[in-house]
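**Student:** First the structure, then my questions, so here it is.
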Amino acid sequence: MLRLRQALDDGDGLSLRAAEREAQVSRKTIERTLDGEVLPDFGAIARLEEWLSRDLWPGPEIRAGRDRHAAEE
């Protein structure tokens, strides 16, 4: 998940241990996600998004592209 890696790299002192403690997502899950081994469940994504104050899962931009494509037809 590129957005997760960017969020952790951009954050001021954000660490996997802080994510585990504050977002209640295991450090191992985050490591495995960053390594491309697993996709976290929706609950973990939602907790990470809340903790990081940013979207990790594609949302509005995907819908906007789909809406734009439908309007062109």
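So you can find residues: chains in the structure tokens are A, B, ... in the order shown, residues in each start at 1, and ligands are numbered from 1 in order.
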Which polymer residues have any atom within 9 Å of an atom of segment 32-40 of chain A, counting only C-alpha atoms, with same-chain residues fewer than 5 positions away left out, as a PyMOL selection string?
**Tutor:** chain A and resi 1-2+4-5+27+45
**Student:** For segment 50-56 of chain A, list every protein, DNA or RNA residue within 6 Å, evaluated using only C-alpha atoms, and leave out those in the same chain fewer than 2 positions away; present the list as number ranges by chain.
**Tutor:** A: 3, 23, 47-48
**Student:** Using only all heavy atoms, please write the residues we just selected to a file, as a PDB file, in the first residue's frame.
**Tutor:**
ATOM      1  N   ARG A   3       0.178   4.339  -0.295  1.00  0.00           N
ATOM      2  CA  ARG A   3      -0.283   5.457   0.540  1.00  0.00           C
ATOM      3  C   ARG A   3       0.112   5.273   2.005  1.00  0.00           C
ATOM      4  O   ARG A   3       0.423   6.240   2.688  1.00  0.00           O
ATOM      5  CB  ARG A   3      -1.788   5.614   0.438  1.00  0.00           C
ATOM      6  CG  ARG A   3      -2.247   6.079  -0.908  1.00  0.00           C
ATOM      7  CD  ARG A   3      -3.732   6.172  -0.943  1.00  0.00           C
ATOM      8  NE  ARG A   3      -4.198   6.580  -2.248  1.00  0.00           N
ATOM      9  CZ  ARG A   3      -5.408   6.999  -2.495  1.00  0.00           C
ATOM     10  NH1 ARG A   3      -6.288   7.068  -1.531  1.00  0.00           N
ATOM     11  NH2 ARG A   3      -5.761   7.349  -3.703  1.00  0.00           N
ATOM     12  N   ALA A  23      -3.241   3.074  16.770  1.00  0.00           N
ATOM     13  CA  ALA A  23      -4.271   2.685  15.796  1.00  0.00           C
ATOM     14  C   ALA A  23      -4.790   1.272  16.073  1.00  0.00           C
ATOM     15  O   ALA A  23      -5.745   0.843  15.454  1.00  0.00           O
ATOM     16  CB  ALA A  23      -3.719   2.761  14.377  1.00  0.00           C
ATOM     17  N   ARG A  47      -8.945   2.136  10.933  1.00  0.00           N
ATOM     18  CA  ARG A  47      -8.229   2.638  12.118  1.00  0.00           C
ATOM     19  C   ARG A  47      -6.957   3.379  11.717  1.00  0.00           C
ATOM     20  O   ARG A  47      -6.631   4.423  12.290  1.00  0.00           O
ATOM     21  CB  ARG A  47      -7.919   1.490  13.078  1.00  0.00           C
ATOM     22  CG  ARG A  47      -9.164   0.962  13.779  1.00  0.00           C
ATOM     23  CD  ARG A  47      -8.839  -0.023  14.892  1.00  0.00           C
ATOM     24  NE  ARG A  47      -8.074  -1.185  14.468  1.00  0.00           N
ATOM     25  CZ  ARG A  47      -8.598  -2.280  13.916  1.00  0.00           C
ATOM     26  NH1 ARG A  47      -9.900  -2.372  13.712  1.00  0.00           N
ATOM     27  NH2 ARG A  47      -7.824  -3.296  13.597  1.00  0.00           N
ATOM     28  N   LEU A  48      -6.238   2.857  10.722  1.00  0.00           N
ATOM     29  CA  LEU A  48      -5.027   3.536  10.250  1.00  0.00           C
ATOM     30  C   LEU A  48      -5.373   4.871   9.595  1.00  0.00           C
ATOM     31  O   LEU A  48      -4.678   5.869   9.808  1.00  0.00           O
ATOM     32  CB  LEU A  48      -4.254   2.645   9.274  1.00  0.00           C
ATOM     33  CG  LEU A  48      -3.511   1.475   9.911  1.00  0.00           C
ATOM     34  CD1 LEU A  48      -3.078   0.484   8.844  1.00  0.00           C
ATOM     35  CD2 LEU A  48      -2.332   1.960  10.735  1.00  0.00           C
TER      36      LEU A  48
END
